[in-house]
Amino acid sequence: MAIIAAIGRAARTKASGLLYGLGFFYNVLKETGRFFRRKQVGYKVLIMQILFTGYEALAINAVMAIAIGAAINVIGSSLLPQFGQSQLMYSILIVVITRELGPLLTAFVITARSGTAIATQLGTMVVNHEIEAYIAVGLNPISYLVVPRFIGVVVSMLVLTVYFNIFGLLGSFIVVQAVNPTPIGEYLGALMSTLTLADVFSGLTKALVFGVIVSVVSTFQGFAVNRASTEIPVAGIKAVGSSFILIIVADVLVTLVQYA
Amino acid sequence: MKFKIKFADQIVGLFIIVALAFFVVIVVLIGANQRWFAKDYRFVTSFQSAAGAAPGTSILMKGFTIGKIDKLTLNADNGVDAEFHIYDDYYDKVREYSILELTVSPIGLGSQLLFHPGTGEALLEEGAFVPTADSIQGQSLIDQELVLIPPKDDTITRLLANVNPLLENTSKTIVTVNRTLTEVNRALAGQSSGPLGDIVGDVSAAAAALPGTMAGVEGIVDDVEGRVAALLDQAGSLLAELELIAGNLEATTAAVRDPTGLVTTLLDPSGSIKTFLDDDDALYKKVMSIIGEADKAVRSLQGIVTGLNGEMPKIAGLLNETKTAIKQAQDVLEGVKNNPLIRGGVTERVEQESLYGAMREGSFE
Amino acid sequence: MPEKPSDPARPAIELRDVRASSGGYEILDGACAAFPEGLCSVVMGPAGSGKSTLLKVAAGLVPPDSGSVLYRGAELARFGRRDEAAFRAATGFVFQDGALWADQNILTNVTMPLRVHKAWLGPSAMAELARETLGALGYDEGMAFRPAELSAGEQKLVSIARAVIHEPQLVFMDDPTANLDEDAAERVYALIAKLRERRRTVVIVANSSELAYRFADRLGIIKGGRLVAFGSYEETVGTAEAALSGSIARLKARGERAAAPEREPRGVREPDAGAENSQAGDV
């Protein structure tokens, strides 16, 4: 009986945690709607968030994109003609760069960089009563602290995904010229007639969803810190762990929706 | 203050604007490549079956994509109603009596939806019905020659279309040649009662009588020439047939050799089709050389028959040579016929997986 | 939210049977208190008795698990966005540990309430106000420093300045003189005296009997998460529970207060209209 009670208690805790999380998410969305409708004190926070999450991650994002794109280019242009399927390279490039790995890897980078940063920063603020201080002066922590981070991370995700595509599709082409010259016109023509708007929007949809996940999970975990400073690194770890899992699940779901 | 912090607004602005610009450029490029901004003319048609067609299937004319299928619906009469569009660049091709033809490649290389322009003057109105080649309406247009149907663009289809009649013709010819040769052989063995047998019988009789009746030779040859006329006719029609075959083979071989053609593209990797057709054109060279030999042999036959009187001792040897050549031809053609790829009109589809299978086998060799 | 002149019978802040917990520990256990409008209430109690939590619950920073908190008769928990904003504009809160925003400089920290509630002032007027307010408290460091660069005492001063810069009607102070040297403490006393003079409602929780002795119109004793005594200074000092508290005992020993005569709740008198509209820096 004790076991059943324990399971029941655990389930109730989980359910109320989930409800709380959903409530948090709902509040974030509601406050985001307000953010654009009024002059904001959170503007500076938003700019710094994009600078940190988006701009500063550009270099690592570009390196990954070029490396993956170049690898596909080289493998594709040597292996595929053996089956008379040279055109398939563009499809593979697009599926990998635009649809799958682009948003996924960008989300992982952002989680690792900004997810931990957001969670630990907010956790520190909780411990130092800075959150209460914001409430005391009449600033809603969700609209002042969470929403700029939420928008910043989502915007950064979208923008970085576009850059990932640019670097993955074009940057890698330039790199590959060194080993395997192809006329740019032919490459671009074939690429652009294979690339569809559906591919582009699939990638951006994923970027949007992943951005929402990373920012909401990280801020949530940051706020989950109670009082002890030892909880702060735990919040960072939890933010990364939950974000990764949710991102992968969401990736599968979005892909299923698009291909089903 | 750090540069990055001081100019945060500018950096972030640039960061976003450049991405937006790239995004817009990409979208415009996609649009330009995928004709979002061009007007399309919409028409309807109906198929017996939608197998091989799907929304997005290209409509081809002489190898150019001139439009695409938009929508397929199974209607109440178990037919398939289709909506399709033709790009504005090609709208002037859509004249009265135009038809569509859905061809499904027999060896699993997908399907093609061909557009055959009508000979009418008037352009079809948007929304008009375009019949398909297998419909009664389409058939009657074809029968009345109101529609221009070019030779099939798909070389593989053409090749396969040619192989069967070719085989039929050739084996018919071979049979004919063979029968003739048999006749000749039998005649040479002196067992025949046919005309050539008579001739040869007469010839050998004459030859036997030669030492004695040298003066009678002229008469005998006259006699031979008279009787040989029938044989010559036979040989002549045989030759015509052989020339036809040779022409067919030339066309097919040319298609195979065409460096830009579909066949070459398909045969390029070490696929299974290549092993059938393209070990340096060996099979076709063989067929060609045999047919050539047969041709030569029959020409010799003709010459021999013509100059039968002068060259009697050579007849047997030459005809034997011909027989061997024809036999080889039979063997080769039987091989061709038995080839699994085209046997029995080729109903089996070659699945995509077989390519990977082939690749894997290849890599373990 | 009621804007009419307050009813003396109705306190500025009232706690009704409030229970609150943190991290699974019950901190407030059915606390009841009514802090009258326009008076200075001081709540004393030993460490861990729930003083800070009581103040945070009263200021609406920590939601109670049960019970209710009323601001001028209206329940805080039911405040909408507008009511909440008006309540925050009318209140200031001094945190025990300062709770300055580490990523903002001192100027931003101090002027934040102005940016939120008096955005029309403009940056230079805000900076001027900040300088005056901090100057009155004896803060003489630069405005561009980050909180981490200041001593704990300086941080406390900045926190006090932040709580009063927007001229709130109601000021909550959590141990305002902790970490302060005597001179600084004197300046804080002066500030509290001025607030009291101008009939602002002040709620202080403290360990220091000095604050109670000087300013308490109402004195409460909190123990084990309950207010065991709450009444006028004299009443509380005279209760039996007071005997259990060392600091109250010390207050008793100091005898009659001369400086701060007992006053009536604010609502009885004329509202101090002039002070409400008073301008920069005279806090």
# chains A, B, ... in the order shown; residues from 1 in each chain; ligands from 1

call {"tool": "interface_residues", "arguments": {"of": "chain A", "to": "chain B", "cutoff": "7 Å", "atoms": "only C-alpha atoms", "output": "MDAnalysis selection string"}}
result
chainID A and resid 47:48 50:51 55 82:84 159 162:163 192:193 195:196

call {"tool": "write_last_selection", "arguments": {"atoms": "C-alpha atoms", "output": "CSV table (one decimal), in the first residue's frame"}}
result
chain,number,residue,atom,x,y,z
A,47,ILE,CA,19.3,43.5,-27.0
A,48,MET,CA,21.9,42.0,-24.7
A,50,ILE,CA,20.4,38.6,-28.6
A,51,LEU,CA,23.9,39.8,-28.5
A,55,TYR,CA,25.7,37.1,-32.2
A,82,GLN,CA,28.0,5.8,-58.6
A,83,PHE,CA,24.3,5.2,-58.5
A,84,GLY,CA,23.5,7.9,-61.1
A,159,VAL,CA,18.4,34.2,-37.1
A,162,VAL,CA,19.2,31.2,-41.2
A,163,TYR,CA,22.9,31.7,-40.8
A,192,MET,CA,17.5,26.4,-55.5
A,193,SER,CA,15.3,24.2,-57.6
A,195,LEU,CA,15.1,23.7,-52.0
A,196,THR,CA,11.4,24.3,-51.4

call {"tool": "residues_around", "arguments": {"residues": "Leu227 in chain C", "least_positions_apart": "6", "cutoff": "8 Å", "atoms": "only C-alpha atoms", "output": "ChimeraX atom specification"}}
result
/C:31-33,220-221

call {"tool": "write_last_selection", "arguments": {"atoms": "N, CA and C atoms", "output": "PDB file, in the first residue's frame"}}
result
ATOM      1  N   ALA C  31      -0.500  34.200  11.590  1.00  0.00           N
ATOM      2  CA  ALA C  31      -0.183  35.547  12.059  1.00  0.00           C
ATOM      3  C   ALA C  31      -1.321  36.512  11.756  1.00  0.00           C
ATOM      4  N   CYS C  32      -1.670  37.350  12.731  1.00  0.00           N
ATOM      5  CA  CYS C  32      -2.671  38.395  12.527  1.00  0.00           C
ATOM      6  C   CYS C  32      -2.050  39.713  12.932  1.00  0.00           C
ATOM      7  N   ALA C  33      -2.232  40.720  12.098  1.00  0.00           N
ATOM      8  CA  ALA C  33      -1.712  42.038  12.459  1.00  0.00           C
ATOM      9  C   ALA C  33      -2.445  43.084  11.642  1.00  0.00           C
ATOM     10  N   GLY C 220       4.969  45.362  17.925  1.00  0.00           N
ATOM     11  CA  GLY C 220       4.535  43.970  17.909  1.00  0.00           C
ATOM     12  C   GLY C 220       5.690  43.064  18.300  1.00  0.00           C
ATOM     13  N   ILE C 221       5.326  41.913  18.822  1.00  0.00           N
ATOM     14  CA  ILE C 221       6.352  40.909  19.122  1.00  0.00           C
ATOM     15  C   ILE C 221       5.973  39.643  18.376  1.00  0.00           C
TER      16      ILE C 221
END

call {"tool": "interface_residues", "arguments": {"of": "chain C", "to": "chain A", "cutoff": "6 Å", "atoms": "only C-alpha atoms", "output": "list in words"}}
result
Ala85, Arg88, Ala99, Trp101 and Pro113 of chain C

call {"tool": "write_last_selection", "arguments": {"atoms": "C-alpha atoms", "output": "mmCIF file, in the first residue's frame"}}
result
data_model
loop_
_atom_site.group_PDB
_atom_site.id
_atom_site.type_symbol
_atom_site.label_atom_id
_atom_site.label_comp_id
_atom_site.auth_asym_id
_atom_site.auth_seq_id
_atom_site.Cartn_x
_atom_site.Cartn_y
_atom_site.Cartn_z
ATOM 1 C CA ALA C 85 0.788 48.747 -10.202
ATOM 2 C CA ARG C 88 3.629 49.134 -5.941
ATOM 3 C CA ALA C 99 18.856 42.908 -2.793
ATOM 4 C CA TRP C 101 20.334 44.209 -8.950
ATOM 5 C CA PRO C 113 11.032 52.850 -9.178
#

call {"tool": "residues_around", "arguments": {"residues": "range 9-22 of chain A", "least_positions_apart": "4", "cutoff": "8 Å", "atoms": "only C-alpha atoms", "output": "short mmCIF file (atom, residue, chain, number, x, y, z; two decimals) with C-alpha atoms, in the first residue's frame"}}
result
data_model
loop_
_atom_site.label_atom_id
_atom_site.label_comp_id
_atom_site.auth_asym_id
_atom_site.auth_seq_id
_atom_site.Cartn_x
_atom_site.Cartn_y
_atom_site.Cartn_z
CA ALA A 5 0.63 5.78 -2.05
CA TYR A 26 1.06 30.61 -20.51
CA PHE A 220 11.68 28.10 -15.41
#

call {"tool": "residues_around", "arguments": {"residues": "Ser114 in chain A", "least_positions_apart": "4", "cutoff": "6 Å", "atoms": "only C-alpha atoms", "output": "short mmCIF file (atom, residue, chain, number, x, y, z; two decimals) with N, CA and C atoms, in the first residue's frame"}}
result
data_model
loop_
_atom_site.label_atom_id
_atom_site.label_comp_id
_atom_site.auth_asym_id
_atom_site.auth_seq_id
_atom_site.Cartn_x
_atom_site.Cartn_y
_atom_site.Cartn_z
N THR A 53 23.25 35.54 -26.97
CA THR A 53 22.76 34.24 -27.45
C THR A 53 22.95 34.08 -28.96
N ILE A 110 22.78 26.74 -28.41
CA ILE A 110 22.14 27.78 -27.61
C ILE A 110 21.81 27.26 -26.21
N ILE A 118 21.23 31.49 -18.59
CA ILE A 118 19.95 32.05 -18.14
C ILE A 118 19.54 31.42 -16.81
#

call {"tool": "residues_around", "arguments": {"residues": "Phe145 in chain C", "least_positions_apart": "2", "cutoff": "12 Å", "atoms": "only C-alpha atoms", "output": "list of chain:residue names"}}
result
C:Leu100, C:Trp101, C:Ala102, C:Asp103, C:Gln104, C:Asn105, C:Ile106, C:Leu107, C:Thr108, C:Asn109, C:Val110, C:Asp140, C:Glu141, C:Gly142, C:Met143, C:Pro147, C:Ala148, C:Glu149, C:Leu150, C:Ser151, C:Glu154, C:Gln155, C:Val158

call {"tool": "residues_around", "arguments": {"residues": "Pro55 in chain B", "least_positions_apart": "4", "cutoff": "8 Å", "atoms": "only C-alpha atoms", "output": "PyMOL selection string"}}
result
chain B and resi 68-72

call {"tool": "select_by_dssp", "arguments": {"residues": "range 12-95 of chain C", "states": "helix (DSSP H, G or I)", "output": "ChimeraX atom specification"}}
result
/C:51-58,76-78,81-89

call {"tool": "residues_around", "arguments": {"residues": "Ile149 in chain B", "least_positions_apart": "4", "cutoff": "10 Å", "atoms": "only C-alpha atoms", "output": "count of residues only"}}
result
10

call {"tool": "select_by_dssp", "arguments": {"residues": "range 9-59 of chain C", "states": "strand (DSSP E or B)", "output": "list in words"}}
result
Ile13, Glu14, Leu15, Arg16, Asp17, Val18, Arg19, Ala20, Ser21, Ser22, Tyr25, Glu26, Ile27, Leu28, Asp29, Gly30, Ala31, Cys32, Ala33, Ala34, Phe35, Cys40, Ser41, Val42, Val43 and Met44 of chain C
